[in-house]
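Here's data-v3.tsv, which has TSV, C-alpha atoms:
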chain	number	residue	atom	x	y	z
A	198	MET	CA	117.99	172.02	102.31
A	199	ALA	CA	119.65	171.25	105.64
A	200	GLU	CA	121.71	174.46	105.79
A	201	ILE	CA	118.83	176.87	105.56
A	202	ALA	CA	116.75	174.98	108.13
A	203	ALA	CA	119.62	175.46	110.61
A	204	GLU	CA	119.91	179.19	109.88
A	205	SER	CA	118.49	181.53	112.51
A	206	THR	CA	115.91	184.08	111.40
A	207	HIS	CA	116.48	187.82	111.71
A	208	GLY	CA	115.32	190.75	109.60
A	209	ALA	CA	112.85	189.66	106.92
A	210	PRO	CA	110.99	186.37	107.49
A	211	ARG	CA	113.18	183.46	106.43
A	212	SER	CA	110.84	182.30	103.64
A	213	VAL	CA	110.73	185.76	102.04
A	214	ARG	CA	114.52	186.12	102.17
A	215	HIS	CA	114.99	182.58	100.88
A	216	GLU	CA	112.62	183.31	97.99
A	217	ALA	CA	114.49	186.53	97.18
A	218	ILE	CA	117.88	184.80	97.23
A	219	CYS	CA	116.75	181.93	94.98
A	220	HIS	CA	115.16	184.43	92.61
A	221	ALA	CA	118.35	186.52	92.52
A	222	VAL	CA	120.50	183.46	91.78
A	223	PHE	CA	118.25	182.38	88.91
A	224	GLU	CA	118.16	185.89	87.43
A	225	LEU	CA	121.93	186.25	87.61
A	226	LEU	CA	122.52	182.80	86.09
A	227	SER	CA	120.27	183.85	83.24
A	228	GLU	CA	121.92	187.27	82.81
A	229	VAL	CA	125.65	186.66	83.33
A	230	GLY	CA	126.06	182.88	83.66
A	231	TYR	CA	127.61	180.80	86.43
A	232	ASP	CA	131.24	181.81	86.02
A	233	ARG	CA	130.52	185.55	86.27
A	234	MET	CA	127.89	185.29	89.04
A	235	SER	CA	129.46	186.41	92.33
A	236	MET	CA	128.13	185.77	95.82
A	237	ASP	CA	128.31	189.54	96.33
A	238	ALA	CA	126.04	190.15	93.34
A	239	VAL	CA	123.53	187.63	94.73
A	240	ALA	CA	123.55	189.41	98.11
A	241	ALA	CA	123.06	192.83	96.47
A	242	ARG	CA	120.28	191.63	94.16
A	243	ALA	CA	118.43	189.82	96.98
A	244	ARG	CA	119.01	192.72	99.44
A	245	ALA	CA	120.48	190.17	101.84
A	246	SER	CA	123.71	190.44	103.84
A	247	LYS	CA	126.72	188.57	102.51
A	248	ALA	CA	127.05	186.94	105.93
A	249	THR	CA	123.54	185.45	105.63
A	250	ILE	CA	124.36	183.93	102.28
A	251	TYR	CA	127.81	182.61	103.16
A	252	ARG	CA	126.50	181.12	106.41
A	253	ALA	CA	123.74	179.18	104.64
A	254	TRP	CA	125.63	178.33	101.44
A	255	PRO	CA	129.40	178.48	101.87
A	256	HIS	CA	130.03	177.41	98.24
A	257	LYS	CA	128.58	178.76	95.00
A	258	PRO	CA	127.43	175.30	93.76
A	259	ASP	CA	125.29	174.89	96.93
A	260	LEU	CA	123.57	178.18	96.20
A	261	VAL	CA	122.87	177.15	92.60
A	262	ILE	CA	121.38	173.84	93.70
A	263	GLU	CA	119.18	175.64	96.22
A	264	ALA	CA	117.88	177.90	93.44
A	265	LEU	CA	117.31	174.94	91.10
A	266	VAL	CA	115.42	172.95	93.73
A	267	HIS	CA	113.35	176.05	94.53
A	268	ARG	CA	112.58	176.65	90.83
A	269	PHE	CA	111.81	173.10	89.79
A	270	GLY	CA	109.97	172.16	92.97
A	271	GLY	CA	111.92	169.13	94.18
A	272	THR	CA	110.87	165.61	93.21
A	273	PRO	CA	108.07	165.64	90.60
A	274	GLU	CA	105.15	163.19	90.62
A	275	PRO	CA	105.96	160.14	88.44
A	276	PRO	CA	103.61	159.72	85.45
A	277	ASP	CA	101.27	156.71	85.74
A	278	THR	CA	99.69	156.02	82.35
A	279	GLY	CA	99.35	152.25	82.72
A	280	THR	CA	102.13	151.32	80.27
A	281	LEU	CA	105.91	151.75	80.31
A	282	ARG	CA	105.78	153.40	76.88
A	283	GLY	CA	103.15	155.90	78.04
A	284	ASP	CA	105.16	156.72	81.17
A	285	LEU	CA	108.34	157.21	79.13
A	286	ILE	CA	106.57	159.47	76.62
A	287	ALA	CA	105.28	161.60	79.51
A	288	LEU	CA	108.71	161.71	81.18
A	289	MET	CA	110.53	162.63	77.95
A	290	THR	CA	107.91	165.24	77.03
A	291	GLY	CA	108.42	166.95	80.39
A	292	ALA	CA	112.22	166.79	80.09
A	293	CYS	CA	112.13	168.26	76.56
A	294	ARG	CA	109.73	171.02	77.65
A	295	VAL	CA	112.13	172.11	80.41
A	296	ALA	CA	115.19	171.83	78.14
A	297	ASP	CA	113.46	173.98	75.49
A	298	SER	CA	112.33	176.75	77.90
A	299	PRO	CA	114.23	179.83	79.14
A	300	ASP	CA	114.85	177.76	82.30
A	301	GLY	CA	116.49	175.18	80.04
A	302	ALA	CA	118.89	177.85	78.79
A	303	VAL	CA	119.95	178.48	82.40
A	304	VAL	CA	120.36	174.74	83.02
A	305	THR	CA	122.34	174.31	79.79
A	306	GLY	CA	124.51	177.25	80.79
A	307	LEU	CA	125.19	175.55	84.12
A	308	MET	CA	126.16	172.36	82.33
A	309	SER	CA	128.55	174.33	80.17
A	310	ALA	CA	130.15	175.79	83.27
A	311	ALA	CA	130.20	172.32	84.83
A	312	ALA	CA	132.26	171.02	81.90
A	313	HIS	CA	135.27	172.88	83.31
A	314	ASN	CA	134.29	172.97	86.99
A	315	ALA	CA	134.43	169.58	88.68
A	316	GLU	CA	132.85	170.78	91.95
A	317	LEU	CA	129.81	172.26	90.20
A	318	SER	CA	129.58	169.22	87.97
A	319	ARG	CA	129.52	166.73	90.86
A	320	THR	CA	127.03	168.83	92.82
A	321	LEU	CA	124.68	169.19	89.83
A	322	TYR	CA	124.90	165.48	89.06
A	323	ARG	CA	124.12	164.47	92.64
A	324	CYS	CA	121.26	166.95	92.82
A	325	THR	CA	119.53	165.95	89.57
A	326	TYR	CA	120.17	162.29	90.33
A	327	GLN	CA	118.55	162.58	93.76
A	328	MET	CA	115.60	164.63	92.46
A	329	LYS	CA	114.82	162.16	89.69
A	330	HIS	CA	115.78	158.82	91.19
A	331	VAL	CA	112.44	158.19	92.90
A	332	VAL	CA	110.55	158.98	89.68
A	333	HIS	CA	112.64	156.55	87.64
A	334	GLU	CA	112.48	153.85	90.29
A	335	THR	CA	108.68	154.13	90.46
A	336	ILE	CA	108.27	153.91	86.67
A	337	ILE	CA	110.59	150.88	86.42
A	338	ASP	CA	109.01	149.14	89.43
A	339	ARG	CA	105.55	149.46	87.86
A	340	ALA	CA	106.89	148.15	84.53
A	341	LYS	CA	108.43	145.16	86.37
A	342	ALA	CA	105.10	144.44	88.08
A	343	ARG	CA	103.39	144.46	84.66
A	344	GLY	CA	106.10	142.16	83.26
A	345	GLU	CA	107.22	144.77	80.71
A	346	VAL	CA	110.91	144.70	81.69
A	347	PRO	CA	113.20	142.05	83.26
A	348	ALA	CA	113.15	141.90	87.07
A	349	ASP	CA	116.79	143.07	87.29
A	350	THR	CA	116.34	146.25	85.21
A	351	ASP	CA	118.34	149.08	86.78
A	352	PRO	CA	116.34	152.36	87.06
A	353	ASP	CA	119.63	154.28	86.86
A	354	LEU	CA	119.92	153.19	83.24
A	355	LEU	CA	116.76	155.17	82.46
A	356	HIS	CA	118.23	158.23	84.16
A	357	GLU	CA	121.58	157.92	82.39
A	358	VAL	CA	120.28	157.36	78.85
A	359	LEU	CA	117.29	159.73	78.86
A	360	HIS	CA	119.36	162.54	80.29
A	361	ALA	CA	122.20	161.97	77.80
A	362	MET	CA	119.86	162.03	74.81
A	363	VAL	CA	118.08	165.26	75.82
A	364	LEU	CA	121.22	167.10	76.95
A	365	THR	CA	123.16	166.26	73.79
A	366	ARG	CA	120.28	167.22	71.50
A	367	ARG	CA	120.08	170.56	73.32
A	368	ILE	CA	123.83	171.27	73.38
A	369	TRP	CA	124.37	170.36	69.74
A	370	ALA	CA	121.17	172.03	68.55
A	371	ALA	CA	120.93	168.80	66.55
A	372	GLY	CA	117.21	169.31	65.99
A	373	PRO	CA	114.02	170.38	67.76
A	374	LEU	CA	113.04	168.89	71.14
A	375	ASP	CA	109.59	168.06	69.73
A	376	ASP	CA	107.15	165.14	69.77
A	377	VAL	CA	109.00	163.39	66.91
A	378	PHE	CA	112.19	163.43	68.99
A	379	VAL	CA	110.29	162.19	72.08
A	380	VAL	CA	108.84	159.21	70.20
A	381	HIS	CA	112.21	158.49	68.54
A	382	VAL	CA	114.07	158.36	71.87
A	383	VAL	CA	111.37	156.29	73.56
A	384	ASP	CA	110.87	153.73	70.75
A	385	ASP	CA	114.37	153.54	69.28
A	386	VAL	CA	116.47	153.93	72.41
A	387	LEU	CA	114.79	153.73	75.83
A	388	LEU	CA	112.43	150.79	75.25
A	389	PRO	CA	115.08	148.53	73.63
A	390	VAL	CA	117.56	149.42	76.40
A	391	LEU	CA	115.13	148.82	79.27
A	392	ARG	CA	113.55	145.66	77.88
A	393	GLN	CA	116.93	143.99	77.35
A	394	ALA	CA	118.57	145.55	80.38
A	395	ARG	CA	120.67	143.62	82.79
A	396	ASP	CA	121.90	145.06	86.10
A	397	PRO	CA	125.36	146.57	85.41
A	398	HIS	CA	126.26	146.02	89.08
A	399	ALA	CA	125.41	142.30	88.96
B	143	MET	CA	138.79	172.36	53.28
B	144	ALA	CA	137.51	174.10	50.14
B	145	GLU	CA	138.41	177.61	51.25
B	146	ILE	CA	142.10	177.00	51.81
B	147	ALA	CA	142.51	175.10	48.55
B	148	ALA	CA	141.19	178.18	46.72
B	149	GLU	CA	143.55	180.52	48.57
B	150	SER	CA	146.54	181.79	46.57
B	151	THR	CA	150.00	181.18	48.07
B	152	HIS	CA	152.31	184.04	49.01
B	153	GLY	CA	154.93	184.41	51.74
B	154	ALA	CA	155.49	181.13	53.63
B	155	PRO	CA	154.50	177.91	51.85
B	156	ARG	CA	150.76	177.28	52.28
B	157	SER	CA	151.21	174.03	54.21
B	158	VAL	CA	153.52	175.62	56.77
B	159	ARG	CA	151.21	178.58	57.29
B	160	HIS	CA	148.20	176.29	57.49
B	161	GLU	CA	149.96	174.14	60.11
B	162	ALA	CA	150.87	177.25	62.15
B	163	ILE	CA	147.32	178.61	62.03
B	164	CYS	CA	145.75	175.29	63.10
B	165	HIS	CA	148.29	174.99	65.89
B	166	ALA	CA	147.58	178.54	67.07
B	167	VAL	CA	143.84	177.93	67.11
B	168	PHE	CA	144.22	174.75	69.16
B	169	GLU	CA	146.59	176.43	71.63
B	170	LEU	CA	144.27	179.41	72.09
B	171	LEU	CA	141.20	177.18	72.53
B	172	SER	CA	143.11	175.35	75.24
B	173	GLU	CA	144.36	178.53	76.93
B	174	VAL	CA	141.44	180.97	76.76
B	175	GLY	CA	138.50	179.00	75.32
B	176	TYR	CA	136.33	179.67	72.28
B	177	ASP	CA	134.51	182.77	73.49
B	178	ARG	CA	137.70	184.69	74.30
B	179	MET	CA	139.69	183.49	71.27
B	180	SER	CA	139.85	186.35	68.73
B	181	MET	CA	140.77	186.08	65.06
B	182	ASP	CA	143.42	188.73	65.77
B	183	ALA	CA	145.02	186.57	68.46
B	184	VAL	CA	145.13	183.64	66.04
B	185	ALA	CA	146.84	185.81	63.42
B	186	ALA	CA	149.39	187.10	65.94
B	187	ARG	CA	150.14	183.65	67.36
B	188	ALA	CA	150.50	182.08	63.89
B	189	ARG	CA	152.49	185.08	62.56
B	190	ALA	CA	149.98	185.28	59.71
B	191	SER	CA	148.23	188.36	58.36
B	192	LYS	CA	144.64	188.92	59.45
B	193	ALA	CA	143.72	189.21	55.76
B	194	THR	CA	145.02	185.69	55.10
B	195	ILE	CA	142.93	184.26	57.91
B	196	TYR	CA	139.74	186.17	57.14
B	197	ARG	CA	140.01	185.31	53.44
B	198	ALA	CA	140.28	181.57	54.11
B	199	TRP	CA	137.94	181.39	57.11
B	200	PRO	CA	135.51	184.30	57.28
B	201	HIS	CA	133.84	182.97	60.44
B	202	LYS	CA	135.36	181.76	63.72
B	203	PRO	CA	133.53	178.39	63.66
B	204	ASP	CA	135.12	177.58	60.27
B	205	LEU	CA	138.56	178.19	61.73
B	206	VAL	CA	137.82	175.93	64.68
B	207	ILE	CA	136.61	173.14	62.42
B	208	GLU	CA	139.77	173.48	60.31
B	209	ALA	CA	141.89	173.10	63.45
B	210	LEU	CA	139.85	170.10	64.66
B	211	VAL	CA	140.08	168.32	61.30
B	212	HIS	CA	143.83	169.03	61.22
B	213	ARG	CA	144.27	167.71	64.78
B	214	PHE	CA	142.14	164.61	64.55
B	215	GLY	CA	143.15	163.72	61.01
B	216	GLY	CA	139.83	163.53	59.19
B	217	THR	CA	137.93	160.28	58.90
B	218	PRO	CA	139.50	157.48	60.99
B	219	GLU	CA	139.76	153.89	59.80
B	220	PRO	CA	136.74	151.88	61.02
B	221	PRO	CA	137.63	149.00	63.37
B	222	ASP	CA	137.13	145.53	61.84
B	223	THR	CA	137.25	142.91	64.59
B	224	GLY	CA	134.84	140.42	63.03
B	225	THR	CA	131.93	141.06	65.43
B	226	LEU	CA	129.65	144.05	66.05
B	227	ARG	CA	130.45	143.92	69.77
B	228	GLY	CA	134.20	143.96	69.09
B	229	ASP	CA	133.84	146.89	66.69
B	230	LEU	CA	131.72	148.85	69.19
B	231	ILE	CA	134.21	148.20	72.01
B	232	ALA	CA	137.02	149.52	69.77
B	233	LEU	CA	134.98	152.56	68.71
B	234	MET	CA	133.94	153.42	72.29
B	235	THR	CA	137.48	152.90	73.61
B	236	GLY	CA	138.79	155.40	71.04
B	237	ALA	CA	136.03	157.92	71.80
B	238	CYS	CA	136.67	157.68	75.56
B	239	ARG	CA	140.43	158.04	75.06
B	240	VAL	CA	139.95	161.30	73.14
B	241	ALA	CA	137.33	162.60	75.61
B	242	ASP	CA	139.70	161.88	78.52
B	243	SER	CA	142.77	163.56	76.96
B	244	PRO	CA	143.84	167.23	77.01
B	245	ASP	CA	142.37	167.37	73.49
B	246	GLY	CA	139.09	166.21	75.03
B	247	ALA	CA	139.16	169.21	77.37
B	248	VAL	CA	139.38	171.49	74.32
B	249	VAL	CA	136.53	169.64	72.63
B	250	THR	CA	134.40	169.77	75.81
B	251	GLY	CA	135.16	173.49	76.08
B	252	LEU	CA	133.93	173.93	72.50
B	253	MET	CA	130.75	172.06	73.31
B	254	SER	CA	130.21	174.34	76.30
B	255	ALA	CA	130.58	177.36	74.04
B	256	ALA	CA	128.28	175.70	71.51
B	257	ALA	CA	125.54	175.45	74.14
B	258	HIS	CA	124.98	179.20	73.81
B	259	ASN	CA	126.23	179.70	70.24
B	260	ALA	CA	123.94	178.20	67.61
B	261	GLU	CA	126.32	178.85	64.70
B	262	LEU	CA	129.24	177.07	66.39
B	263	SER	CA	126.92	174.30	67.51
B	264	ARG	CA	125.57	173.60	64.01
B	265	THR	CA	129.06	173.74	62.48
B	266	LEU	CA	130.52	171.37	65.09
B	267	TYR	CA	127.63	168.96	64.69
B	268	ARG	CA	127.92	168.87	60.89
B	269	CYS	CA	131.68	168.43	61.11
B	270	THR	CA	131.72	165.56	63.61
B	271	TYR	CA	128.77	163.97	61.86
B	272	GLN	CA	130.54	164.06	58.50
B	273	MET	CA	133.86	162.84	59.95
B	274	LYS	CA	132.26	159.87	61.69
B	275	HIS	CA	129.42	158.93	59.37
B	276	VAL	CA	131.50	156.68	57.10
B	277	VAL	CA	132.91	154.82	60.11
B	278	HIS	CA	129.46	154.16	61.57
B	279	GLU	CA	128.01	153.17	58.20
B	280	THR	CA	130.85	150.68	57.61
B	281	ILE	CA	130.44	149.08	61.05
B	282	ILE	CA	126.67	148.75	60.66
B	283	ASP	CA	126.90	147.46	57.06
B	284	ARG	CA	129.29	144.71	58.17
B	285	ALA	CA	126.99	143.81	61.09
B	286	LYS	CA	124.06	143.61	58.65
B	287	ALA	CA	126.06	141.32	56.36
B	288	ARG	CA	126.76	139.03	59.35
B	289	GLY	CA	123.07	139.09	60.33
B	290	GLU	CA	123.83	140.74	63.67
B	291	VAL	CA	121.38	143.62	63.24
B	292	PRO	CA	118.13	144.08	61.26
B	293	ALA	CA	118.59	145.14	57.62
B	294	ASP	CA	116.94	148.54	58.26
B	295	THR	CA	119.23	149.56	61.15
B	296	ASP	CA	120.10	153.26	60.81
B	297	PRO	CA	123.86	153.97	61.32
B	298	ASP	CA	122.95	157.48	62.55
B	299	LEU	CA	121.47	155.87	65.65
B	300	LEU	CA	124.95	154.61	66.58
B	301	HIS	CA	126.36	158.11	66.13
B	302	GLU	CA	123.60	159.76	68.15
B	303	VAL	CA	123.60	157.38	71.13
B	304	LEU	CA	127.35	156.72	71.46
B	305	HIS	CA	128.12	160.41	71.27
B	306	ALA	CA	125.43	161.31	73.82
B	307	MET	CA	126.68	158.74	76.33
B	308	VAL	CA	130.34	159.82	76.15
B	309	LEU	CA	129.66	163.56	76.09
B	310	THR	CA	127.29	163.44	79.05
B	311	ARG	CA	129.64	161.27	81.11
B	312	ARG	CA	132.41	163.79	80.41
B	313	ILE	CA	130.35	166.94	81.09
B	314	TRP	CA	128.83	165.62	84.31
B	315	ALA	CA	132.07	164.01	85.51
B	316	ALA	CA	129.66	161.18	86.35
B	317	GLY	CA	132.49	158.65	86.54
B	318	PRO	CA	135.69	157.60	84.76
B	319	LEU	CA	135.76	157.03	80.99
B	320	ASP	CA	137.33	153.61	81.57
B	321	ASP	CA	136.92	150.03	80.29
B	322	VAL	CA	134.02	149.39	82.69
B	323	PHE	CA	132.15	152.32	81.18
B	324	VAL	CA	132.99	151.16	77.63
B	325	VAL	CA	131.58	147.67	78.27
B	326	HIS	CA	128.54	149.11	80.08
B	327	VAL	CA	127.62	151.39	77.16
B	328	VAL	CA	128.23	148.69	74.55
B	329	ASP	CA	126.36	145.86	76.33
B	330	ASP	CA	123.62	147.78	78.13
B	331	VAL	CA	122.88	150.51	75.60
B	332	LEU	CA	124.37	150.24	72.09
B	333	LEU	CA	123.81	146.52	71.40
B	334	PRO	CA	120.15	146.49	72.58
B	335	VAL	CA	119.46	149.69	70.60
B	336	LEU	CA	121.09	148.48	67.37
B	337	ARG	CA	119.73	144.93	67.48
B	338	GLN	CA	116.15	146.16	67.90
B	339	ALA	CA	116.59	149.23	65.78
B	340	ARG	CA	114.14	150.26	63.13
B	341	ASP	CA	114.76	153.09	60.67
B	342	PRO	CA	113.37	156.28	62.28
B	343	HIS	CA	112.90	157.77	58.78
B	344	ALA	CA	110.86	154.79	57.54

Represent the supplied structure as structure tokens.
Amino acid sequence: MAEIAAESTHGAPRSVRHEAICHAVFELLSEVGYDRMSMDAVAARARASKATIYRAWPHKPDLVIEALVHRFGGTPEPPDTGTLRGDLIALMTGACRVADSPDGAVVTGLMSAAAHNAELSRTLYRCTYQMKHVVHETIIDRAKARGEVPADTDPDLLHEVLHAMVLTRRIWAAGPLDDVFVVHVVDDVLLPVLRQARDPHA
Amino acid sequence: MAEIAAESTHGAPRSVRHEAICHAVFELLSEVGYDRMSMDAVAARARASKATIYRAWPHKPDLVIEALVHRFGGTPEPPDTGTLRGDLIALMTGACRVADSPDGAVVTGLMSAAAHNAELSRTLYRCTYQMKHVVHETIIDRAKARGEVPADTDPDLLHEVLHAMVLTRRIWAAGPLDDVFVVHVVDDVLLPVLRQARDPHA
């Protein structure tokens, strides 16, 4: 992110220190959760100076986003199966796999903390939105070109609904995040929504 | 609930003690959250004996459900506006009003706690599902009778999708829970889903 690029290097090479800091943040989120993770604990765990951390990431949400981007590798490659349904199945399968993993427990924990922390909530939302927007736009653009959805279908609708379905299933433990759930969300929710979609900003 | 009906009355009249206990639970959820709310604190706040509370509600999730049912008054009356769209607007408006209120903050806090507490999560899910199921079934049955949705439309789909949209909007602070959001969810998500719905259990 912009902050770390601007940071001057001293001591360990920047990439090694950056790696150690991101790793420390993820470990602490997993062990104690967002609310009880202190910047001091991150510095101690990463063997970095507090000054280094505060200079690069003045606020705790920034540090969490940095660790998330580092862990999940920025914008993923959009699936390209040749049909909208195939692309949505691939997208949902990936989302469910992450939600169901130990990483998903960290992400769910962050969302819990975000429920009573507006700054974290806004930062997480912006971050996940930015990371996924290109993927959703690409999938919807291809579906438009194949005539599978109306020309004014808003890719944000895919983001909003898919995310809501997976997050709620995970939070409520309403059932497994398995292939049956993937097919249910794609066939019963996402495809009807996208095929009939109109631009909410129109 | 079944447990309190079976409880023998001594000391204060049952209804007064029940009221005090539910009130204490709701206050403590609001003040300290689920994880830090102890059964002992509930007893002290409600001026009830610990034995009384443990006998009626052996587990903390049961006590929380009792307080929620007491607060939100059991099954609400389903809206009956004459159209599916009108009923959905009324239902969504009510759900957004609760989510946006101080009560909604307590409920969101519970959901946060539920994200890392499977017992609470399952109990909350069963409770809200049971409270709302009759409402959703009535709305969908009327829409079927008017020919607005296919005869095999599953009312659970309304529960699942409406709830996911409101909860996620609230957790992410993705925007206000206002009339624009209500109309967006009804027109862009719920109506397309319900009109094209097929029974996922078929």

Report the closest atom pair, with its distance in Å rounded to one decimal, for each residue of chain B that has an atom no farther than 6 Å from chain A; count only C-alpha atoms, sort by chain and then rising residue number, and write it as a Markdown table.
| residue | atom | partner | partner_atom | distance |
| --- | --- | --- | --- | --- |
| B:Ser254 | CA | A:Ser309 | CA | 4.2 |
| B:Ala257 | CA | A:Ile368 | CA | 4.6 |
| B:Ser263 | CA | A:Trp369 | CA | 5.2 |
| B:Ala306 | CA | A:Ala361 | CA | 5.2 |
| B:Met307 | CA | A:Ala361 | CA | 5.7 |
| B:Thr310 | CA | A:Ala361 | CA | 5.4 |
| B:Ile313 | CA | A:Ala312 | CA | 4.6 |
| B:Trp314 | CA | A:Ser318 | CA | 5.2 |
| B:Asp330 | CA | A:Ala394 | CA | 6.0 |
| B:Val331 | CA | A:Val390 | CA | 5.5 |
| B:Pro334 | CA | A:Val390 | CA | 5.5 |
| B:Val335 | CA | A:Pro389 | CA | 5.5 |
| B:Ala339 | CA | A:Asp385 | CA | 6.0 |

Give me the residues near stretch 258-262 of chain A as a PyMOL selection string, where near means some atom within 12 Å (using all atoms listed in the file) and where sequence neighbours in that chain fewer than 3 positions away do not count.
chain A and resi 198-201+215+218-227+230-232+234-236+239-240+249-255+265-271+303-304+306-308+310-311+314-325+327-328

Residues from the last selection, C-alpha atoms, saved as a compact mmCIF listing (two decimals), in the frame of the given file:
# COMPACT_ATOMS: atom_id res chain seq x y z
CA MET A 198 117.99 172.02 102.31
CA ALA A 199 119.65 171.25 105.64
CA GLU A 200 121.71 174.46 105.79
CA ILE A 201 118.83 176.87 105.56
CA HIS A 215 114.99 182.58 100.88
CA ILE A 218 117.88 184.80 97.23
CA CYS A 219 116.75 181.93 94.98
CA HIS A 220 115.16 184.43 92.61
CA ALA A 221 118.35 186.52 92.52
CA VAL A 222 120.50 183.46 91.78
CA PHE A 223 118.25 182.38 88.91
CA GLU A 224 118.16 185.89 87.43
CA LEU A 225 121.93 186.25 87.61
CA LEU A 226 122.52 182.80 86.09
CA SER A 227 120.27 183.85 83.24
CA GLY A 230 126.06 182.88 83.66
CA TYR A 231 127.61 180.80 86.43
CA ASP A 232 131.24 181.81 86.02
CA MET A 234 127.89 185.29 89.04
CA SER A 235 129.46 186.41 92.33
CA MET A 236 128.13 185.77 95.82
CA VAL A 239 123.53 187.63 94.73
CA ALA A 240 123.55 189.41 98.11
CA THR A 249 123.54 185.45 105.63
CA ILE A 250 124.36 183.93 102.28
CA TYR A 251 127.81 182.61 103.16
CA ARG A 252 126.50 181.12 106.41
CA ALA A 253 123.74 179.18 104.64
CA TRP A 254 125.63 178.33 101.44
CA PRO A 255 129.40 178.48 101.87
CA LEU A 265 117.31 174.94 91.10
CA VAL A 266 115.42 172.95 93.73
CA HIS A 267 113.35 176.05 94.53
CA ARG A 268 112.58 176.65 90.83
CA PHE A 269 111.81 173.10 89.79
CA GLY A 270 109.97 172.16 92.97
CA GLY A 271 111.92 169.13 94.18
CA VAL A 303 119.95 178.48 82.40
CA VAL A 304 120.36 174.74 83.02
CA GLY A 306 124.51 177.25 80.79
CA LEU A 307 125.19 175.55 84.12
CA MET A 308 126.16 172.36 82.33
CA ALA A 310 130.15 175.79 83.27
CA ALA A 311 130.20 172.32 84.83
CA ASN A 314 134.29 172.97 86.99
CA ALA A 315 134.43 169.58 88.68
CA GLU A 316 132.85 170.78 91.95
CA LEU A 317 129.81 172.26 90.20
CA SER A 318 129.58 169.22 87.97
CA ARG A 319 129.52 166.73 90.86
CA THR A 320 127.03 168.83 92.82
CA LEU A 321 124.68 169.19 89.83
CA TYR A 322 124.90 165.48 89.06
CA ARG A 323 124.12 164.47 92.64
CA CYS A 324 121.26 166.95 92.82
CA THR A 325 119.53 165.95 89.57
CA GLN A 327 118.55 162.58 93.76
CA MET A 328 115.60 164.63 92.46

Mind giving me the straight-line distance from atom CA of A:Met289 to atom CA of B:Tyr271 in Å, one decimal?
24.4 Å

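Of the residues listed (B:Pro318, B:Pro218, B:Pro297, B:Pro244), B:Pro297 shows the shortest atom-to-atom separation from B:Ile282; distances use all atoms listed in the file.
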
Can you tell me which residues surround A:Ile286 at a distance of at most 9 Å, considering all atoms listed in the file, apart from same-chain residues fewer than 5 positions away, and format the answer as a CSV table (one decimal) with C-alpha atoms, in the coordinates of the input?
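Saved file around_28.csv follows:
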chain,number,residue,atom,x,y,z
A,281,LEU,CA,105.9,151.8,80.3
A,291,GLY,CA,108.4,167.0,80.4
A,376,ASP,CA,107.2,165.1,69.8
A,379,VAL,CA,110.3,162.2,72.1
A,380,VAL,CA,108.8,159.2,70.2
A,382,VAL,CA,114.1,158.4,71.9
A,383,VAL,CA,111.4,156.3,73.6
